[in-house]
file data_4.cif (mmCIF, C-alpha atoms)
data_final
loop_
_atom_site.label_atom_id
_atom_site.label_comp_id
_atom_site.auth_asym_id
_atom_site.auth_seq_id
_atom_site.Cartn_x
_atom_site.Cartn_y
_atom_site.Cartn_z
CA MET A 1264 135.50 -93.54 21.37
CA CYS A 1265 134.70 -97.05 20.11
CA GLU A 1266 136.09 -96.25 16.66
CA ARG A 1267 139.32 -95.01 18.17
CA PHE A 1268 139.62 -98.25 20.16
CA ARG A 1269 139.14 -100.40 17.06
CA THR A 1270 141.75 -98.40 15.14
CA SER A 1271 144.22 -98.73 18.03
CA SER A 1272 143.61 -102.46 18.21
CA LYS A 1273 144.34 -102.89 14.52
CA PHE A 1274 147.54 -100.89 14.91
CA LEU A 1275 148.71 -103.19 17.72
CA GLU A 1276 148.06 -106.19 15.47
CA LEU A 1277 150.45 -104.96 12.77
CA GLU A 1278 153.42 -107.26 12.22
CA ILE A 1279 157.01 -106.20 11.66
CA PRO A 1280 160.09 -108.28 10.91
CA LEU A 1281 162.22 -108.86 13.99
CA PRO A 1282 165.74 -110.04 13.18
CA THR A 1283 168.29 -110.77 15.86
CA LEU A 1284 169.52 -107.93 18.02
CA HIS A 1285 172.88 -108.02 16.28
CA GLU A 1286 171.17 -107.71 12.89
CA GLN A 1287 169.00 -104.84 14.16
CA GLN A 1288 172.12 -102.99 15.31
CA ARG A 1289 173.81 -103.59 11.95
CA ILE A 1290 170.80 -102.21 10.03
CA ALA A 1291 170.46 -99.21 12.38
CA ALA A 1292 174.15 -98.40 11.93
CA LYS A 1293 173.77 -98.47 8.15
CA ILE A 1294 170.73 -96.20 8.31
CA ASP A 1295 172.63 -93.79 10.58
CA ILE A 1296 175.48 -93.62 8.07
CA VAL A 1297 173.06 -92.91 5.22
CA ALA A 1298 171.31 -90.24 7.32
CA GLU A 1299 174.66 -88.56 8.07
CA LYS A 1300 175.61 -88.55 4.38
CA ILE A 1301 172.23 -87.07 3.47
CA ALA A 1302 172.66 -84.34 6.12
CA GLU A 1303 176.09 -83.51 4.68
CA ALA A 1304 174.68 -83.41 1.15
CA LYS A 1305 171.85 -81.13 2.28
CA ASN A 1306 174.34 -78.75 3.91
CA ILE A 1307 176.34 -78.60 0.68
CA ARG A 1308 173.13 -78.10 -1.33
CA THR A 1309 172.03 -75.27 0.98
CA ALA A 1310 175.42 -73.54 0.70
CA THR A 1311 175.34 -73.90 -3.08
CA GLU A 1312 171.81 -72.53 -3.26
CA GLU A 1313 172.71 -69.52 -1.11
CA ALA A 1314 175.73 -68.84 -3.30
CA ALA A 1315 173.61 -69.10 -6.45
CA GLN A 1316 170.99 -66.75 -5.05
CA SER A 1317 173.58 -64.10 -4.24
CA PHE A 1318 175.51 -64.57 -7.46
CA ILE A 1319 173.35 -62.33 -9.66
CA TRP A 1320 173.76 -59.43 -7.21
CA SER A 1321 177.52 -59.88 -7.33
CA VAL A 1322 177.41 -59.77 -11.13
CA CYS A 1323 175.38 -56.54 -11.05
CA GLU A 1324 177.86 -55.05 -8.58
CA PHE A 1325 180.81 -56.02 -10.79
CA TYR A 1326 179.40 -54.18 -13.80
CA LEU A 1327 178.35 -51.17 -11.70
CA GLN A 1328 181.86 -50.75 -10.29
CA LYS A 1329 183.48 -51.36 -13.66
CA TRP A 1330 181.48 -48.73 -15.49
CA ARG A 1331 181.38 -46.12 -12.76
CA SER A 1332 185.16 -45.99 -13.12
CA LEU A 1333 184.92 -45.52 -16.89
CA VAL A 1334 182.02 -43.09 -17.40
CA GLU A 1335 180.31 -40.32 -15.51
CA LEU A 1336 177.60 -41.19 -13.01
CA LYS A 1337 174.28 -39.48 -13.69
CA PRO A 1338 171.27 -39.06 -11.38
CA LEU A 1339 167.98 -40.57 -12.51
CA ARG A 1340 166.34 -37.12 -12.52
CA VAL A 1341 168.26 -36.21 -15.70
CA LEU A 1342 167.69 -39.60 -17.34
CA VAL A 1343 163.89 -39.58 -17.46
CA GLU A 1344 161.34 -38.06 -19.83
CA PRO A 1345 160.93 -34.44 -18.61
CA HIS A 1346 157.16 -34.30 -19.14
CA ARG A 1347 156.60 -37.39 -17.02
CA GLY A 1348 159.40 -37.41 -14.48
CA ILE A 1349 159.50 -40.00 -11.71
CA SER A 1350 156.18 -40.48 -9.94
CA TYR A 1351 154.35 -42.98 -7.80
CA GLY A 1352 150.94 -44.25 -8.79
CA ILE A 1353 147.35 -44.32 -7.55
CA VAL A 1354 147.10 -43.42 -3.88
CA GLN A 1355 143.78 -45.15 -3.15
CA THR A 1356 142.93 -47.86 -5.68
CA GLY A 1357 139.51 -48.54 -4.18
CA ALA A 1358 137.44 -51.68 -4.72
CA GLU A 1359 137.93 -54.12 -7.60
CA PHE A 1360 136.25 -52.72 -10.73
CA GLU A 1361 135.23 -55.18 -13.44
CA ASP A 1362 136.89 -54.37 -16.78
CA GLY A 1363 138.71 -51.49 -15.09
CA ILE A 1364 142.34 -50.35 -15.50
CA PRO A 1365 144.86 -53.09 -14.62
CA THR A 1366 146.95 -51.68 -11.78
CA LEU A 1367 150.14 -53.16 -10.40
CA ARG A 1368 150.48 -53.29 -6.65
CA ALA A 1369 153.52 -54.01 -4.47
CA GLY A 1370 152.94 -57.77 -4.48
CA ASP A 1371 152.88 -57.88 -8.28
CA LEU A 1372 156.43 -56.59 -8.56
CA HIS A 1373 159.23 -59.11 -8.08
CA TRP A 1374 162.96 -59.02 -8.70
CA PHE A 1375 163.37 -58.48 -12.45
CA SER A 1376 159.83 -59.60 -13.27
CA VAL A 1377 156.19 -58.54 -13.07
CA GLN A 1378 153.27 -60.77 -12.16
CA THR A 1379 150.73 -60.15 -14.93
CA GLN A 1380 148.04 -62.60 -13.78
CA GLY A 1381 145.33 -61.62 -11.32
CA ILE A 1382 146.17 -57.91 -11.38
CA LYS A 1383 143.68 -55.65 -9.64
CA ARG A 1384 141.43 -53.57 -11.89
CA VAL A 1385 140.66 -50.03 -10.84
CA ASP A 1386 137.75 -47.75 -11.64
CA PRO A 1387 138.82 -45.58 -14.65
CA ALA A 1388 137.53 -42.50 -12.81
CA VAL A 1389 139.89 -43.26 -9.92
CA GLU A 1390 142.82 -43.91 -12.27
CA LYS A 1391 142.31 -40.88 -14.53
CA PRO A 1392 144.17 -38.29 -12.38
CA PHE A 1393 147.32 -40.43 -12.50
CA GLN A 1394 148.24 -40.03 -16.17
CA ARG A 1395 151.96 -39.63 -15.48
CA THR A 1396 152.23 -43.20 -14.24
CA ARG A 1397 150.04 -44.74 -16.94
CA LEU A 1398 152.18 -47.46 -18.45
CA ARG A 1399 153.32 -47.57 -22.06
CA GLY A 1400 155.61 -50.56 -21.66
CA GLY A 1401 159.35 -50.40 -21.07
CA GLU A 1402 159.32 -48.14 -18.01
CA LEU A 1403 161.57 -49.05 -15.10
CA LEU A 1404 159.50 -49.91 -12.03
CA LEU A 1405 160.84 -49.57 -8.50
CA ARG A 1406 159.11 -50.69 -5.33
CA ILE A 1407 159.32 -47.78 -2.90
CA ARG A 1408 157.04 -48.97 -0.09
CA GLY A 1409 157.39 -52.26 1.76
CA GLY A 1410 160.10 -54.52 0.33
CA VAL A 1411 161.85 -51.40 -0.97
CA GLY A 1412 164.30 -51.89 -3.82
CA GLU A 1413 162.71 -54.56 -6.01
CA LEU A 1414 162.98 -53.64 -9.68
CA ALA A 1415 161.44 -54.75 -12.96
CA VAL A 1416 160.67 -53.40 -16.42
CA SER A 1417 157.05 -52.84 -17.38
CA PRO A 1418 156.01 -55.51 -19.92
CA SER A 1419 154.36 -54.45 -23.17
CA GLU A 1420 151.13 -56.34 -22.36
CA LEU A 1421 150.47 -53.88 -19.53
CA LYS A 1422 150.35 -50.90 -21.86
CA GLY A 1423 147.50 -48.67 -20.71
CA GLY A 1424 147.70 -49.99 -17.16
CA ASN A 1425 148.89 -48.17 -14.07
CA VAL A 1426 150.55 -48.72 -10.68
CA SER A 1427 149.68 -48.10 -7.05
CA ARG A 1428 151.50 -45.68 -4.77
CA GLU A 1429 153.90 -48.42 -3.62
CA ILE A 1430 155.60 -48.38 -7.02
CA ALA A 1431 157.59 -45.59 -8.68
CA VAL A 1432 157.43 -45.37 -12.47
CA ILE A 1433 160.74 -44.31 -14.02
CA PRO A 1434 160.26 -43.49 -17.75
CA LEU A 1435 163.83 -43.41 -18.99
CA ILE A 1436 164.96 -41.44 -22.02
CA ALA A 1437 165.94 -43.30 -25.20
CA GLU A 1438 169.65 -43.14 -24.33
CA VAL A 1439 169.13 -45.47 -21.36
CA ASN A 1440 168.27 -49.14 -21.65
CA PRO A 1441 165.72 -49.82 -18.86
CA GLU A 1442 167.11 -53.30 -18.20
CA PHE A 1443 170.61 -51.86 -17.88
CA ALA A 1444 169.36 -49.31 -15.34
CA MET A 1445 167.49 -52.09 -13.53
CA PHE A 1446 170.65 -54.15 -13.09
CA MET A 1447 172.72 -51.13 -12.00
CA LEU A 1448 170.15 -50.24 -9.35
CA ALA A 1449 169.94 -53.87 -8.21
CA ALA A 1450 173.65 -53.86 -7.33
CA PRO A 1451 174.27 -53.99 -3.56
CA THR A 1452 175.91 -50.53 -3.55
CA SER A 1453 172.77 -48.98 -5.07
CA GLN A 1454 170.51 -50.95 -2.76
CA GLU A 1455 172.48 -49.78 0.27
CA LYS A 1456 171.94 -46.17 -0.79
CA MET A 1457 168.20 -46.80 -1.01
CA ARG A 1458 168.14 -48.36 2.44
CA GLY A 1459 170.02 -45.35 3.75
CA HIS A 1460 167.08 -43.16 2.71
CA LEU A 1461 164.30 -45.27 4.22
CA ARG A 1462 161.67 -43.31 6.11
CA GLY A 1463 158.73 -44.24 8.30
CA THR A 1464 158.05 -46.80 11.02
CA ALA A 1465 154.82 -48.71 10.41
CA TYR A 1466 155.11 -48.43 6.63
CA VAL A 1467 158.73 -47.97 5.60
CA GLY A 1468 159.53 -46.40 2.25
CA ILE A 1469 161.80 -44.16 0.24
CA ASN A 1470 160.89 -40.65 -0.94
CA LEU A 1471 160.79 -39.80 -4.64
CA LYS A 1472 163.33 -37.04 -4.06
CA ASP A 1473 165.86 -39.66 -2.98
CA VAL A 1474 164.93 -41.90 -5.93
CA ARG A 1475 165.57 -39.03 -8.34
CA ASN A 1476 169.05 -38.60 -6.89
CA LEU A 1477 170.10 -42.22 -7.35
CA GLU A 1478 173.03 -42.40 -9.76
CA ILE A 1479 174.03 -44.90 -12.43
CA PRO A 1480 176.79 -44.98 -15.06
CA VAL A 1481 175.56 -44.45 -18.63
CA PRO A 1482 177.85 -45.95 -21.30
CA SER A 1483 176.73 -46.00 -24.93
CA ARG A 1484 173.44 -47.67 -25.79
CA ALA A 1485 175.33 -50.47 -27.57
CA GLN A 1486 177.52 -51.06 -24.53
CA GLN A 1487 174.44 -51.13 -22.31
CA ALA A 1488 172.83 -53.76 -24.54
CA GLY A 1489 175.96 -55.89 -24.34
CA ILE A 1490 176.01 -55.67 -20.55
CA VAL A 1491 172.31 -56.58 -20.34
CA LYS A 1492 172.92 -59.65 -22.49
CA GLU A 1493 175.86 -60.78 -20.39
CA ILE A 1494 173.97 -60.36 -17.10
CA SER A 1495 170.87 -62.02 -18.54
CA ASP A 1496 172.96 -64.99 -19.68
CA PHE A 1497 174.39 -65.29 -16.17
CA GLN A 1498 170.85 -65.13 -14.81
CA VAL A 1499 169.65 -67.97 -17.05
CA LYS A 1500 172.52 -70.20 -15.96
CA ASN A 1501 171.93 -69.24 -12.34
CA ASP A 1502 168.24 -70.18 -12.61
CA GLU A 1503 169.27 -73.56 -14.02
CA VAL A 1504 171.49 -74.15 -10.98
CA LEU A 1505 168.66 -73.23 -8.60
CA LYS A 1506 166.26 -75.53 -10.45
CA PHE A 1507 168.75 -78.38 -10.22
CA GLN A 1508 169.25 -77.71 -6.51
CA SER A 1509 165.48 -77.90 -5.98
CA GLN A 1510 165.34 -81.24 -7.78
CA THR A 1511 168.29 -82.49 -5.73
CA SER A 1512 166.50 -81.56 -2.51
CA SER A 1513 163.48 -83.66 -3.48
CA GLY A 1514 165.75 -86.57 -4.33
CA LEU A 1515 167.54 -86.40 -0.97
CA ASP A 1516 164.24 -86.30 0.91
CA ALA A 1517 163.18 -89.52 -0.83
CA ILE A 1518 166.28 -91.52 0.12
CA ILE A 1519 165.53 -92.28 3.80
CA PRO A 1520 161.97 -93.63 3.15
CA SER A 1521 163.45 -95.82 0.41
CA VAL A 1522 166.20 -97.10 2.70
CA LEU A 1523 163.68 -97.88 5.46
CA ASP A 1524 161.52 -99.74 2.97
CA HIS A 1525 164.45 -101.93 1.96
CA ALA A 1526 165.36 -102.46 5.61
CA PHE A 1527 161.89 -103.72 6.56
CA ARG A 1528 161.93 -106.07 3.57
CA GLY A 1529 165.22 -107.54 4.71
CA GLU A 1530 167.12 -106.14 1.74
CA LEU A 1531 169.58 -103.89 3.54
#
call {"tool": "encode", "arguments": {"input": "data_4.cif", "output": "structure tokens"}}
result
Amino acid sequence: MCERFRTSSKFLELEIPLPTLHEQQRIAAKIDIVAEKIAEAKNIRTATEEAAQSFIWSVCEFYLQKWRSLVELKPLRVLVEPHRGISYGIVQTGAEFEDGIPTLRAGDLHWFSVQTQGIKRVDPAVEKPFQRTRLRGGELLLRIRGGVGELAVSPSELKGGNVSREIAVIPLIAEVNPEFAMFMLAAPTSQEKMRGHLRGTAYVGINLKDVRNLEIPVPSRAQQAGIVKEISDFQVKNDEVLKFQSQTSSGLDAIIPSVLDHAFRGEL
């Protein structure tokens, strides 16, 4: 109690500049104008960020619609390696097993990327029955439980690893570029079809049967590579915009404290 009293007393002893009332009103008006301009800039920044975040999906949709009008749509079930098919991974991964099999779980899969650090390791005996989903690198991965629809391509460094039941492994045949398929399935039209097949209440997901029936256009391998490059280039530029927007946000947040500092020093 005594310490609190001493602290309060020191606070009451702090000195602040006290210009005339007219000067106070002038400074307050200037600060209000700055605050309004910052609010307007933040609104513009937010709108720009939202547009940038949705841009990549629009690009995917553009290419999906373009190529579905030029080539035949094919279901995923005919575009995968017959001896592996489309399967989900380990049902019960069990406790962490030192030096075990690295196994991707739902939280490790993000839009167009895989988190490769801190992956759970599973007892090899538990993993052994799930050979069909053992990763070789280059498989298309689709989240089918919780956050359904996220897609990525299995990185080469995870060769020999596996996935949990929340993730479907789609081992595409050589005629299909996995990144091309990823972008086609990321398009809003494809995502809407997935959402239309959601099942469950407490733990929502999509059945493998419905995944196997998802359709994508399949132009030549060279055309697919060209499309992947174009979308990837758009993605890089989009990420640059988002990074800039993040930096702008930090800069805007720093303006008001700076203005107040100048005001209290009589420099406004």
call {"tool": "residues_around", "arguments": {"input": "data_4.cif", "residues": "Val1389 (chain A)", "least_positions_apart": "4", "cutoff": "9 Å", "atoms": "only C-alpha atoms", "output": "list in words"}}
result
Ile1353, Gln1355, Thr1356, Gly1357, Val1385 and Phe1393 of chain A
call {"tool": "residues_around", "arguments": {"input": "data_4.cif", "residues": "region 1416-1430 of chain A", "least_positions_apart": "4", "cutoff": "8 Å", "atoms": "all atoms listed in the file", "output": "tab-separated table (two decimals) with C-alpha atoms, in the coordinates of the input"}}
result
chain	number	residue	atom	x	y	z
A	1351	TYR	CA	154.35	-42.98	-7.80
A	1352	GLY	CA	150.94	-44.25	-8.79
A	1353	ILE	CA	147.35	-44.32	-7.55
A	1354	VAL	CA	147.10	-43.42	-3.88
A	1355	GLN	CA	143.78	-45.15	-3.15
A	1356	THR	CA	142.93	-47.86	-5.68
A	1364	ILE	CA	142.34	-50.35	-15.50
A	1365	PRO	CA	144.86	-53.09	-14.62
A	1366	THR	CA	146.95	-51.68	-11.78
A	1367	LEU	CA	150.14	-53.16	-10.40
A	1368	ARG	CA	150.48	-53.29	-6.65
A	1369	ALA	CA	153.52	-54.01	-4.47
A	1375	PHE	CA	163.37	-58.48	-12.45
A	1376	SER	CA	159.83	-59.60	-13.27
A	1377	VAL	CA	156.19	-58.54	-13.07
A	1379	THR	CA	150.73	-60.15	-14.93
A	1390	GLU	CA	142.82	-43.91	-12.27
A	1396	THR	CA	152.23	-43.20	-14.24
A	1397	ARG	CA	150.04	-44.74	-16.94
A	1398	LEU	CA	152.18	-47.46	-18.45
A	1399	ARG	CA	153.32	-47.57	-22.06
A	1400	GLY	CA	155.61	-50.56	-21.66
A	1401	GLY	CA	159.35	-50.40	-21.07
A	1402	GLU	CA	159.32	-48.14	-18.01
A	1403	LEU	CA	161.57	-49.05	-15.10
A	1404	LEU	CA	159.50	-49.91	-12.03
A	1405	LEU	CA	160.84	-49.57	-8.50
A	1406	ARG	CA	159.11	-50.69	-5.33
A	1407	ILE	CA	159.32	-47.78	-2.90
A	1408	ARG	CA	157.04	-48.97	-0.09
A	1409	GLY	CA	157.39	-52.26	1.76
A	1441	PRO	CA	165.72	-49.82	-18.86
A	1442	GLU	CA	167.11	-53.30	-18.20
A	1445	MET	CA	167.49	-52.09	-13.53
call {"tool": "closest_residue", "arguments": {"input": "data_4.cif", "among": "A:Ile1469, A:Arg1458, A:Leu1275, A:Ala1450", "to": "Val1322 (chain A)", "atoms": "only C-alpha atoms"}}
result
A:Ala1450
call {"tool": "resolve_selection", "arguments": {"input": "data_4.cif", "expression": "the PyMOL selection byres ((chain A and resi 1340) around 8)", "output": "list in words"}}
result
Pro1338, Leu1339, Val1341, Leu1342, Val1343, Gly1348, Ile1349, Arg1475 and Asn1476 of chain A
call {"tool": "closest_residue", "arguments": {"input": "data_4.cif", "among": "A:Gly1468, A:Pro1520, A:Gly1410, A:Gly1459", "to": "Asp1371 (chain A)", "atoms": "only C-alpha atoms"}}
result
A:Gly1410
call {"tool": "residues_around", "arguments": {"input": "data_4.cif", "residues": "Ser1332 (chain A)", "least_positions_apart": "6", "cutoff": "12 Å", "atoms": "all atoms listed in the file", "output": "JSON list (two decimals) with C-alpha atoms, keeping the file's coordinate frame"}}
result
[["chain", "number", "residue", "atom", "x", "y", "z"],
["A", 1325, "PHE", "CA", 180.81, -56.02, -10.79],
["A", 1326, "TYR", "CA", 179.40, -54.18, -13.80],
["A", 1479, "ILE", "CA", 174.03, -44.90, -12.43],
["A", 1480, "PRO", "CA", 176.79, -44.98, -15.06],
["A", 1481, "VAL", "CA", 175.56, -44.45, -18.63],
["A", 1482, "PRO", "CA", 177.85, -45.95, -21.30]]
call {"tool": "closest_residue", "arguments": {"input": "data_4.cif", "among": "A:Ile1319, A:Leu1471, A:Ile1301, A:Leu1281", "to": "Ile1433 (chain A)", "atoms": "only C-alpha atoms"}}
result
A:Leu1471
call {"tool": "atom_distance", "arguments": {"input": "data_4.cif", "atom1": "CA of Glu1335 (chain A)", "atom2": "CA of Glu1478 (chain A)"}}
result
9.5 Å
call {"tool": "atom_distance", "arguments": {"input": "data_4.cif", "atom1": "CA of Val1491 (chain A)", "atom2": "CA of Phe1446 (chain A)"}}
result
7.8 Å
call {"tool": "atom_distance", "arguments": {"input": "data_4.cif", "atom1": "CA of Ser1350 (chain A)", "atom2": "CA of Ser1321 (chain A)"}}
result
29.0 Å
call {"tool": "residues_around", "arguments": {"input": "data_4.cif", "residues": "Ala1449 (chain A)", "least_positions_apart": "6", "cutoff": "10 Å", "atoms": "all atoms listed in the file", "output": "JSON, numbers by chain"}}
result
{"A": [1319, 1320, 1321, 1322, 1323, 1324, 1327, 1374, 1375, 1412, 1413, 1414, 1415, 1443, 1455]}
call {"tool": "axis_aligned_box", "arguments": {"input": "data_4.cif", "around": "region 1403-1419 of chain A", "padding_each_side": "8 Å", "output": "JSON"}}
result
{"center_x": 159.3, "center_y": -51.6, "center_z": -10.7, "size_x": 25.9, "size_y": 23.7, "size_z": 40.9}
call {"tool": "closest_residue", "arguments": {"input": "data_4.cif", "among": "A:Ala1517, A:Leu1435, A:Val1499, A:Val1411", "to": "Lys1456 (chain A)", "atoms": "all atoms listed in the file"}}
result
A:Val1411
call {"tool": "closest_residue", "arguments": {"input": "data_4.cif", "among": "A:Leu1477, A:Val1334, A:Ile1490, A:Ile1382", "to": "Asp1362 (chain A)", "atoms": "only C-alpha atoms"}}
result
A:Ile1382
call {"tool": "residues_near_point", "arguments": {"input": "data_4.cif", "point": "(137.5, -51.2, -13.9)", "cutoff": "7 Å", "atoms": "all atoms listed in the file", "output": "PyMOL selection string"}}
result
chain A and resi 1359-1364+1384-1387
call {"tool": "residues_around", "arguments": {"input": "data_4.cif", "residues": "Asn1470 (chain A)", "least_positions_apart": "6", "cutoff": "8 Å", "atoms": "all atoms listed in the file", "output": "list in words"}}
result
Ile1407, His1460, Leu1461 and Arg1462 of chain A
call {"tool": "resolve_selection", "arguments": {"input": "data_4.cif", "expression": "the PyMOL selection byres ((chain A and resi 1298) around 12)", "output": "PyMOL selection string"}}
result
chain A and resi 1291-1297+1299-1305+1515-1523
call {"tool": "decode", "arguments": {"input": "data_4.cif", "residues": "region 1433-1463 of chain A", "atoms": "N, CA and C atoms", "output": "mmCIF file, in the first residue's frame"}}
result
data_model
loop_
_atom_site.group_PDB
_atom_site.id
_atom_site.type_symbol
_atom_site.label_atom_id
_atom_site.label_comp_id
_atom_site.auth_asym_id
_atom_site.auth_seq_id
_atom_site.Cartn_x
_atom_site.Cartn_y
_atom_site.Cartn_z
ATOM 1 N N ILE A 1433 -2.250 -37.144 -52.602
ATOM 2 C CA ILE A 1433 -2.699 -37.318 -53.983
ATOM 3 C C ILE A 1433 -1.466 -37.475 -54.874
ATOM 4 N N PRO A 1434 -1.037 -38.715 -55.137
ATOM 5 C CA PRO A 1434 0.167 -38.961 -55.954
ATOM 6 C C PRO A 1434 -0.167 -38.923 -57.440
ATOM 7 N N LEU A 1435 -0.003 -37.795 -58.039
ATOM 8 C CA LEU A 1435 -0.412 -37.591 -59.433
ATOM 9 C C LEU A 1435 0.511 -38.309 -60.414
ATOM 10 N N ILE A 1436 -0.052 -38.694 -61.541
ATOM 11 C CA ILE A 1436 0.734 -39.332 -62.597
ATOM 12 C C ILE A 1436 1.650 -38.291 -63.239
ATOM 13 N N ALA A 1437 2.617 -38.762 -64.016
ATOM 14 C CA ALA A 1437 3.636 -37.880 -64.591
ATOM 15 C C ALA A 1437 3.053 -36.812 -65.508
ATOM 16 N N GLU A 1438 1.878 -37.073 -66.080
ATOM 17 C CA GLU A 1438 1.272 -36.104 -67.009
ATOM 18 C C GLU A 1438 0.705 -34.876 -66.305
ATOM 19 N N VAL A 1439 0.666 -34.890 -64.986
ATOM 20 C CA VAL A 1439 0.066 -33.775 -64.245
ATOM 21 C C VAL A 1439 1.101 -33.128 -63.330
ATOM 22 N N ASN A 1440 1.308 -31.856 -63.534
ATOM 23 C CA ASN A 1440 2.186 -31.078 -62.663
ATOM 24 C C ASN A 1440 1.460 -30.845 -61.334
ATOM 25 N N PRO A 1441 2.018 -31.296 -60.202
ATOM 26 C CA PRO A 1441 1.315 -31.154 -58.922
ATOM 27 C C PRO A 1441 1.011 -29.709 -58.538
ATOM 28 N N GLU A 1442 1.892 -28.780 -58.903
ATOM 29 C CA GLU A 1442 1.625 -27.377 -58.588
ATOM 30 C C GLU A 1442 0.469 -26.844 -59.428
ATOM 31 N N PHE A 1443 0.391 -27.309 -60.681
ATOM 32 C CA PHE A 1443 -0.730 -26.910 -61.529
ATOM 33 C C PHE A 1443 -2.042 -27.395 -60.911
ATOM 34 N N ALA A 1444 -2.080 -28.660 -60.511
ATOM 35 C CA ALA A 1444 -3.285 -29.215 -59.887
ATOM 36 C C ALA A 1444 -3.619 -28.457 -58.605
ATOM 37 N N MET A 1445 -2.593 -28.102 -57.854
ATOM 38 C CA MET A 1445 -2.792 -27.352 -56.606
ATOM 39 C C MET A 1445 -3.508 -26.034 -56.877
ATOM 40 N N PHE A 1446 -3.039 -25.290 -57.878
ATOM 41 C CA PHE A 1446 -3.651 -24.005 -58.192
ATOM 42 C C PHE A 1446 -5.073 -24.171 -58.734
ATOM 43 N N MET A 1447 -5.314 -25.207 -59.526
ATOM 44 C CA MET A 1447 -6.660 -25.429 -60.056
ATOM 45 C C MET A 1447 -7.649 -25.773 -58.931
ATOM 46 N N LEU A 1448 -7.182 -26.527 -57.956
ATOM 47 C CA LEU A 1448 -8.054 -26.903 -56.846
ATOM 48 C C LEU A 1448 -8.194 -25.781 -55.822
ATOM 49 N N ALA A 1449 -7.294 -24.806 -55.879
ATOM 50 C CA ALA A 1449 -7.382 -23.653 -54.977
ATOM 51 C C ALA A 1449 -8.376 -22.616 -55.491
ATOM 52 N N ALA A 1450 -8.748 -22.704 -56.755
ATOM 53 C CA ALA A 1450 -9.690 -21.749 -57.337
ATOM 54 C C ALA A 1450 -11.021 -21.797 -56.589
ATOM 55 N N PRO A 1451 -11.668 -20.661 -56.389
ATOM 56 C CA PRO A 1451 -12.931 -20.626 -55.646
ATOM 57 C C PRO A 1451 -13.978 -21.625 -56.115
ATOM 58 N N THR A 1452 -14.084 -21.856 -57.434
ATOM 59 C CA THR A 1452 -15.069 -22.831 -57.927
ATOM 60 C C THR A 1452 -14.779 -24.217 -57.378
ATOM 61 N N SER A 1453 -13.512 -24.621 -57.364
ATOM 62 C CA SER A 1453 -13.134 -25.937 -56.829
ATOM 63 C C SER A 1453 -13.361 -25.989 -55.324
ATOM 64 N N GLN A 1454 -13.029 -24.906 -54.651
ATOM 65 C CA GLN A 1454 -13.207 -24.861 -53.200
ATOM 66 C C GLN A 1454 -14.688 -24.937 -52.821
ATOM 67 N N GLU A 1455 -15.539 -24.306 -53.616
ATOM 68 C CA GLU A 1455 -16.970 -24.366 -53.358
ATOM 69 C C GLU A 1455 -17.494 -25.793 -53.479
ATOM 70 N N LYS A 1456 -16.971 -26.530 -54.451
ATOM 71 C CA LYS A 1456 -17.378 -27.933 -54.606
ATOM 72 C C LYS A 1456 -16.968 -28.747 -53.384
ATOM 73 N N MET A 1457 -15.770 -28.478 -52.870
ATOM 74 C CA MET A 1457 -15.334 -29.190 -51.659
ATOM 75 C C MET A 1457 -16.254 -28.877 -50.491
ATOM 76 N N ARG A 1458 -16.567 -27.594 -50.315
ATOM 77 C CA ARG A 1458 -17.439 -27.213 -49.206
ATOM 78 C C ARG A 1458 -18.823 -27.821 -49.341
ATOM 79 N N GLY A 1459 -19.238 -28.048 -50.578
ATOM 80 C CA GLY A 1459 -20.538 -28.675 -50.805
ATOM 81 C C GLY A 1459 -20.581 -30.125 -50.386
ATOM 82 N N HIS A 1460 -19.408 -30.730 -50.172
ATOM 83 C CA HIS A 1460 -19.343 -32.140 -49.769
ATOM 84 C C HIS A 1460 -18.929 -32.323 -48.312
ATOM 85 N N LEU A 1461 -18.906 -31.236 -47.557
ATOM 86 C CA LEU A 1461 -18.487 -31.344 -46.158
ATOM 87 C C LEU A 1461 -19.458 -32.207 -45.371
ATOM 88 N N ARG A 1462 -18.904 -33.018 -44.494
ATOM 89 C CA ARG A 1462 -19.688 -33.904 -43.640
ATOM 90 C C ARG A 1462 -19.237 -33.751 -42.197
ATOM 91 N N GLY A 1463 -20.151 -34.081 -41.275
ATOM 92 C CA GLY A 1463 -19.795 -34.070 -39.863
ATOM 93 C C GLY A 1463 -20.268 -32.800 -39.174
#
